[in-house]
Amino acid sequence: MKQNQTLDYSIPKEELGLARFSKKVLNWIASENLWNIWVPKQYGGLELSFSQGLQKLKFLAKLDGSLGWCVTLCSGANYFIGNLPKKTADDIFLTPKQPVCFGGSGGLFGTAEKQGDFYNISGTWRYGTGAPYLTHFTLNAKITEQGKELTNHDGTPVFRSFIIPTDRVSIIDDWNTMGLKATATCSFKVDNLLVAKENSFIYNHFQLPQPIFKINFSLFADLTLWANYIGMAEHLQEEAIAITNSNALQHLTSEIKKANQQLEYFASEIEEATHSNSCFTAEYIAKIHTTAATSVKNITKSIVEVFPLLGVKAARNGHVLNQIFCDYFTATQHHIFTKS
């Protein structure tokens with residue numbers, strides 16, 4: 001993928017690598033419209049193609065792990081504009097008081113008691129990426145009626161996704177990890193909150209016609225996260241070259257090159273499929289997931305082999321190599337690839 005020249009990468013390095021994004025970084029993200037990578041232009045977004053968006057996310061992750069990860073997960077939540085009823089999308093995106101930033105949890109940790117055209121929601125959700133920066137939280141909740149949990153024919157719970165303004169949510173500041181600190185991936189809680197049906201959606205039912213919304217969500221999630229691992233690995237590779245023999249990096253370099261080729265190929269193939277309205281089979285989705293997971297495992301193994309050759313300085317708090325290492329290995333705990 002060729003480097004996108006339209007993004008102003010002039011954000012000062014001293015503003016990155018902190019425990020939280022500074023106001024300057026958040027203003028920069030907003031000025032570059034990065035929360036809205038996938039949002040249609042009619043709603044003020046960049047409306048990038050899948051390949052263009054992946055390129056941008058990879059470069060952001062290379063610049064800083066927390067930056068890339070947070071933009072990926074939050075722009076991925078803004079992607080849900082494609083699922084929202086038109087009136088809800090219009091109300092949120094066409095008259096914003098501040099840059100719209102969705103985020104939340106994909107876990108099924110709460111319940112929504114159906115009450116006519118409303119749902120009474122309660123629960124605590126974990127891993128809400130970007131929690132302090134969000135304007136709206138997204139969450140999944142099991143649907144209940146008269147206290148009884150509804151189930152599908154196969155016995156799985158019936159659930160819906162909901163979008164809730166930040167001022168109706170309680171953030172639990174429990175993000176205490178070795179890396180990706182500035183993503184502020186905190187838990188959050190909702191107690192007996194009445195939410196109208198129009199502020200809910202089904203995550204794989206799309207209301208907008210753009211090609212990006214024809215992509216199977218599993219494919220979208222796999223490739224956007226994969227781009228982050230590659231970007232962070234590229235950053236480590238570039239920093240390591242300055243202090244170790246390039247021969248020691250051959251395996252890592254090879255895995256990064258292979259991953260970039262695979263990512264570019266699959267992104268192009270998926271784009272072609274959306275333009276031709278082709279269906280994504282279960283076999284195709286599984287193939288790409290396996291390829292991405294294997295690639296991440298191989299990159300991880302290569303980083304583990306290289307890191308002992310970088311000396312004590314790479315283990316020091318505050319050193320860029322230490323930060324990349326901590327960010328990368330925090331990212332590897334994401335359930336999409338740990339369950340493979």
# chains A, B, ... in the order shown; residues from 1 in each chain; ligands from 1
>>> select_by_dssp(residues="range 61-199 of chain A", states="strand (DSSP E)", output="PyMOL selection string")
chain A and resi 102-115+118-128+136-145+148-149+159-165+170-172+186-196
>>> select_by_dssp(residues="range 28-116 of chain A", states="helix (DSSP H, G or I)", output="ChimeraX atom specification")
/A:28-31,34-36,41-43,50-63,65-82,86-93
>>> residues_around(residues="range 270-282 of chain A", least_positions_apart="3", cutoff="8 Å", atoms="only C-alpha atoms", output="ChimeraX atom specification")
/A:49-51,211-212,214-216,266-267,285-286
>>> closest_atom_pairs(of="range 121-147 of chain A", to="range 175-184 of chain A", cutoff="8 Å", atoms="only C-alpha atoms", output="Markdown table")
| residue | atom | partner | partner_atom | distance |
| --- | --- | --- | --- | --- |
| A:Gly128 | CA | A:Ala184 | CA | 7.8 |
| A:Thr129 | CA | A:Thr183 | CA | 5.8 |
| A:Gly130 | CA | A:Thr183 | CA | 5.1 |
| A:Ala131 | CA | A:Ala184 | CA | 6.1 |
| A:Pro132 | CA | A:Ala184 | CA | 6.9 |
>>> write_last_selection(atoms="N, CA and C atoms", output="short mmCIF file (atom, residue, chain, number, x, y, z; two decimals), in the first residue's frame")
data_model
loop_
_atom_site.label_atom_id
_atom_site.label_comp_id
_atom_site.auth_asym_id
_atom_site.auth_seq_id
_atom_site.Cartn_x
_atom_site.Cartn_y
_atom_site.Cartn_z
N GLY A 128 -14.34 -0.65 26.97
CA GLY A 128 -14.87 0.42 26.12
C GLY A 128 -13.73 1.33 25.66
N THR A 129 -13.14 0.99 24.53
CA THR A 129 -11.99 1.75 24.03
C THR A 129 -12.32 3.22 23.85
N GLY A 130 -11.42 4.08 24.37
CA GLY A 130 -11.58 5.53 24.22
C GLY A 130 -12.65 6.13 25.11
N ALA A 131 -13.01 5.44 26.18
CA ALA A 131 -14.15 5.85 27.01
C ALA A 131 -14.18 7.35 27.35
N PRO A 132 -13.07 7.96 27.77
CA PRO A 132 -13.14 9.39 28.13
C PRO A 132 -13.32 10.33 26.95
#
>>> atom_distance(atom1="CA of Lys257 in chain A", atom2="CA of Ala233 in chain A")
10.7 Å
>>> closest_residue(among="A:Ile324, A:Val304, A:Leu219, A:Ala112", to="Lys148 in chain A", atoms="only C-alpha atoms")
A:Ala112
>>> closest_residue(among="A:Ser105, A:Thr72, A:Ser31, A:Ser200", to="Lys86 in chain A", atoms="only C-alpha atoms")
A:Ser200
>>> residues_around(residues="Asp174 in chain A", least_positions_apart="5", cutoff="10 Å", atoms="only C-alpha atoms", output="list of chain:residue names")
A:Arg126, A:Tyr127, A:Ala184, A:Thr185, A:Cys186, A:Ser187, A:Phe188
>>> write_last_selection(atoms="N, CA, C and O atoms", output="PDB file, in the first residue's frame")
ATOM      1  N   ARG A 126     -17.342  -4.285  29.757  1.00  0.00           N
ATOM      2  CA  ARG A 126     -15.898  -4.115  29.864  1.00  0.00           C
ATOM      3  C   ARG A 126     -15.309  -3.682  28.521  1.00  0.00           C
ATOM      4  O   ARG A 126     -15.895  -3.907  27.468  1.00  0.00           O
ATOM      5  N   TYR A 127     -14.139  -3.082  28.592  1.00  0.00           N
ATOM      6  CA  TYR A 127     -13.308  -2.777  27.428  1.00  0.00           C
ATOM      7  C   TYR A 127     -13.965  -1.803  26.445  1.00  0.00           C
ATOM      8  O   TYR A 127     -14.133  -2.089  25.260  1.00  0.00           O
ATOM      9  N   ALA A 184      -7.414   4.195  26.934  1.00  0.00           N
ATOM     10  CA  ALA A 184      -8.371   4.334  28.045  1.00  0.00           C
ATOM     11  C   ALA A 184      -9.562   3.404  27.872  1.00  0.00           C
ATOM     12  O   ALA A 184     -10.721   3.828  27.873  1.00  0.00           O
ATOM     13  N   THR A 185      -9.258   2.115  27.725  1.00  0.00           N
ATOM     14  CA  THR A 185     -10.278   1.114  27.432  1.00  0.00           C
ATOM     15  C   THR A 185     -10.983   0.687  28.724  1.00  0.00           C
ATOM     16  O   THR A 185     -10.785  -0.411  29.245  1.00  0.00           O
ATOM     17  N   CYS A 186     -11.801   1.567  29.232  1.00  0.00           N
ATOM     18  CA  CYS A 186     -12.427   1.412  30.547  1.00  0.00           C
ATOM     19  C   CYS A 186     -13.755   0.657  30.464  1.00  0.00           C
ATOM     20  O   CYS A 186     -14.405   0.602  29.422  1.00  0.00           O
ATOM     21  N   SER A 187     -14.150   0.117  31.608  1.00  0.00           N
ATOM     22  CA  SER A 187     -15.489  -0.449  31.731  1.00  0.00           C
ATOM     23  C   SER A 187     -16.492   0.698  31.866  1.00  0.00           C
ATOM     24  O   SER A 187     -16.134   1.836  32.170  1.00  0.00           O
ATOM     25  N   PHE A 188     -17.770   0.382  31.648  1.00  0.00           N
ATOM     26  CA  PHE A 188     -18.816   1.396  31.820  1.00  0.00           C
ATOM     27  C   PHE A 188     -20.111   0.723  32.251  1.00  0.00           C
ATOM     28  O   PHE A 188     -20.315  -0.471  32.041  1.00  0.00           O
TER      29      PHE A 188
END
>>> residues_around(residues="Ile92 in chain A", least_positions_apart="4", cutoff="12 Å", atoms="only C-alpha atoms", output="list of chain:residue names")
A:Tyr43, A:Gly44, A:Asn78, A:Phe80, A:Ile81, A:Leu84, A:Pro85, A:Lys86, A:Lys87, A:Thr88, A:Pro96, A:Lys97, A:Gln98, A:Pro99, A:Val100, A:Cys101, A:Phe102, A:Thr135, A:His136, A:Ile163, A:Ile164, A:Pro165, A:Asn199
>>> write_last_selection(atoms="N, CA, C and O atoms", output="short mmCIF file (atom, residue, chain, number, x, y, z; two decimals), in the first residue's frame")
data_model
loop_
_atom_site.label_atom_id
_atom_site.label_comp_id
_atom_site.auth_asym_id
_atom_site.auth_seq_id
_atom_site.Cartn_x
_atom_site.Cartn_y
_atom_site.Cartn_z
N TYR A 43 -22.60 12.70 5.60
CA TYR A 43 -22.66 12.90 7.05
C TYR A 43 -21.38 13.51 7.59
O TYR A 43 -21.12 13.45 8.79
N GLY A 44 -20.58 14.09 6.71
CA GLY A 44 -19.38 14.78 7.14
C GLY A 44 -18.15 13.90 7.29
O GLY A 44 -17.14 14.33 7.84
N ASN A 78 -18.02 4.22 14.84
CA ASN A 78 -18.72 5.19 13.99
C ASN A 78 -19.23 4.53 12.70
O ASN A 78 -20.20 5.00 12.08
N PHE A 80 -20.93 2.10 12.58
CA PHE A 80 -22.30 1.67 12.83
C PHE A 80 -23.33 2.68 12.34
O PHE A 80 -24.53 2.41 12.40
N ILE A 81 -22.88 3.83 11.85
CA ILE A 81 -23.82 4.75 11.22
C ILE A 81 -24.57 4.04 10.11
O ILE A 81 -25.73 4.35 9.81
N LEU A 84 -27.75 2.43 11.61
CA LEU A 84 -28.73 3.24 12.34
C LEU A 84 -29.92 3.64 11.47
O LEU A 84 -29.77 3.84 10.25
N PRO A 85 -31.09 3.78 12.08
CA PRO A 85 -32.22 4.36 11.34
C PRO A 85 -31.83 5.76 10.86
O PRO A 85 -31.07 6.47 11.53
N LYS A 86 -32.36 6.16 9.70
CA LYS A 86 -31.94 7.43 9.10
C LYS A 86 -32.14 8.62 10.04
O LYS A 86 -31.25 9.47 10.16
N LYS A 87 -33.26 8.69 10.72
CA LYS A 87 -33.51 9.83 11.60
C LYS A 87 -32.47 9.90 12.72
O LYS A 87 -31.98 10.97 13.07
N THR A 88 -32.10 8.74 13.26
CA THR A 88 -31.10 8.70 14.33
C THR A 88 -29.74 9.14 13.81
O THR A 88 -29.04 9.94 14.44
N PRO A 96 -23.95 17.95 15.07
CA PRO A 96 -23.15 17.66 16.27
C PRO A 96 -22.64 18.93 16.96
O PRO A 96 -22.28 19.89 16.30
N LYS A 97 -22.62 18.90 18.29
CA LYS A 97 -22.05 20.01 19.05
C LYS A 97 -20.54 19.85 19.18
O LYS A 97 -19.84 20.80 19.49
N GLN A 98 -20.05 18.64 18.94
CA GLN A 98 -18.63 18.33 18.97
C GLN A 98 -18.41 17.15 18.05
O GLN A 98 -19.37 16.49 17.64
N PRO A 99 -17.15 16.85 17.66
CA PRO A 99 -16.90 15.72 16.76
C PRO A 99 -17.48 14.43 17.32
O PRO A 99 -17.22 14.06 18.47
N VAL A 100 -18.29 13.75 16.52
CA VAL A 100 -18.95 12.53 16.96
C VAL A 100 -17.93 11.41 17.10
O VAL A 100 -17.14 11.14 16.19
N CYS A 101 -17.95 10.75 18.25
CA CYS A 101 -17.04 9.64 18.48
C CYS A 101 -17.78 8.54 19.24
O CYS A 101 -18.10 8.69 20.41
N PHE A 102 -18.06 7.44 18.53
CA PHE A 102 -18.68 6.28 19.15
C PHE A 102 -17.59 5.36 19.71
O PHE A 102 -16.46 5.37 19.27
N THR A 135 -18.47 10.52 22.57
CA THR A 135 -19.73 11.26 22.67
C THR A 135 -20.90 10.31 22.86
O THR A 135 -21.94 10.70 23.39
N HIS A 136 -20.73 9.06 22.41
CA HIS A 136 -21.78 8.05 22.53
C HIS A 136 -21.14 6.68 22.79
O HIS A 136 -20.08 6.38 22.23
N ILE A 163 -27.17 2.60 21.18
CA ILE A 163 -26.27 3.75 21.19
C ILE A 163 -26.80 4.75 22.22
O ILE A 163 -27.98 5.13 22.19
N ILE A 164 -25.93 5.13 23.16
CA ILE A 164 -26.34 5.92 24.31
C ILE A 164 -25.40 7.11 24.49
O ILE A 164 -24.18 6.94 24.46
N PRO A 165 -25.93 8.32 24.67
CA PRO A 165 -25.07 9.48 24.90
C PRO A 165 -24.21 9.30 26.15
O PRO A 165 -24.63 8.68 27.13
N ASN A 199 -32.95 4.18 18.86
CA ASN A 199 -31.55 4.28 19.25
C ASN A 199 -30.91 2.91 19.43
O ASN A 199 -29.94 2.76 20.17
#
>>> residues_around(residues="Lys114 in chain A", least_positions_apart="2", cutoff="9 Å", atoms="only C-alpha atoms", output="number ranges by chain")
A: 112, 116-121, 143-146
>>> write_last_selection(atoms="C-alpha atoms", output="PDB file, in the first residue's frame")
ATOM      1  CA  ALA A 112     -32.640  -4.717  27.852  1.00  0.00           C
ATOM      2  CA  GLY A 116     -43.348  -1.146  24.096  1.00  0.00           C
ATOM      3  CA  ASP A 117     -41.137   0.973  21.831  1.00  0.00           C
ATOM      4  CA  PHE A 118     -38.529   1.369  24.566  1.00  0.00           C
ATOM      5  CA  TYR A 119     -35.957  -0.794  26.323  1.00  0.00           C
ATOM      6  CA  ASN A 120     -34.913  -0.535  29.958  1.00  0.00           C
ATOM      7  CA  ILE A 121     -31.182  -1.228  29.967  1.00  0.00           C
ATOM      8  CA  ILE A 143     -33.503  -8.767  25.252  1.00  0.00           C
ATOM      9  CA  THR A 144     -35.924  -9.716  28.020  1.00  0.00           C
ATOM     10  CA  GLU A 145     -39.705  -9.474  28.328  1.00  0.00           C
ATOM     11  CA  GLN A 146     -41.350  -9.573  31.749  1.00  0.00           C
TER      12      GLN A 146
END
>>> closest_residue(among="A:Leu46, A:Pro157, A:Phe162, A:Leu263", to="Gly231 in chain A", atoms="only C-alpha atoms")
A:Leu263
>>> closest_residue(among="A:Thr111, A:Asn33, A:Thr224, A:Thr124", to="Ala141 in chain A", atoms="only C-alpha atoms")
A:Thr111
>>> residues_around(residues="Ala293 in chain A", least_positions_apart="5", cutoff="9 Å", atoms="only C-alpha atoms", output="compact mmCIF listing (two decimals) with N, CA, C and O atoms, in the first residue's frame")
# COMPACT_ATOMS: atom_id res chain seq x y z
N ASP A 222 -11.41 -8.16 11.47
CA ASP A 222 -10.13 -8.87 11.33
C ASP A 222 -9.08 -8.00 10.65
O ASP A 222 -7.95 -7.88 11.11
N TRP A 226 -5.71 -6.28 12.19
CA TRP A 226 -4.48 -6.80 11.58
C TRP A 226 -3.59 -5.64 11.13
O TRP A 226 -2.37 -5.66 11.32
N ILE A 288 -9.79 -16.04 5.71
CA ILE A 288 -9.11 -14.77 6.00
C ILE A 288 -8.81 -14.65 7.49
O ILE A 288 -7.72 -14.19 7.86
N ASN A 298 2.93 -15.15 13.78
CA ASN A 298 4.28 -15.18 13.23
C ASN A 298 5.03 -13.87 13.51
O ASN A 298 6.23 -13.87 13.81
N ILE A 336 -10.30 -11.39 19.39
CA ILE A 336 -10.45 -11.85 18.01
C ILE A 336 -9.33 -12.81 17.62
O ILE A 336 -9.54 -13.80 16.92
N PHE A 337 -8.11 -12.51 18.08
CA PHE A 337 -6.99 -13.36 17.70
C PHE A 337 -6.57 -14.33 18.80
O PHE A 337 -5.96 -15.35 18.53
N THR A 338 -6.88 -14.06 20.06
CA THR A 338 -6.53 -15.00 21.12
C THR A 338 -7.39 -16.24 21.08
O THR A 338 -7.00 -17.31 21.56
N SER A 340 -8.22 -17.84 18.43
CA SER A 340 -7.92 -18.65 17.25
C SER A 340 -7.10 -19.88 17.63
O SER A 340 -6.30 -19.85 18.54
>>> closest_residue(among="A:Ile172, A:Trp38, A:Gln237, A:Glu264", to="Leu73 in chain A", atoms="only C-alpha atoms")
A:Trp38
>>> atom_distance(atom1="CA of Asp327 in chain A", atom2="CA of Gly65 in chain A")
5.7 Å
>>> closest_residue(among="A:Pro209, A:Leu321, A:Ile37, A:Asn260", to="Ile241 in chain A", atoms="only C-alpha atoms")
A:Leu321
>>> atom_distance(atom1="CA of Tyr133 in chain A", atom2="CA of Glu32 in chain A")
15.7 Å
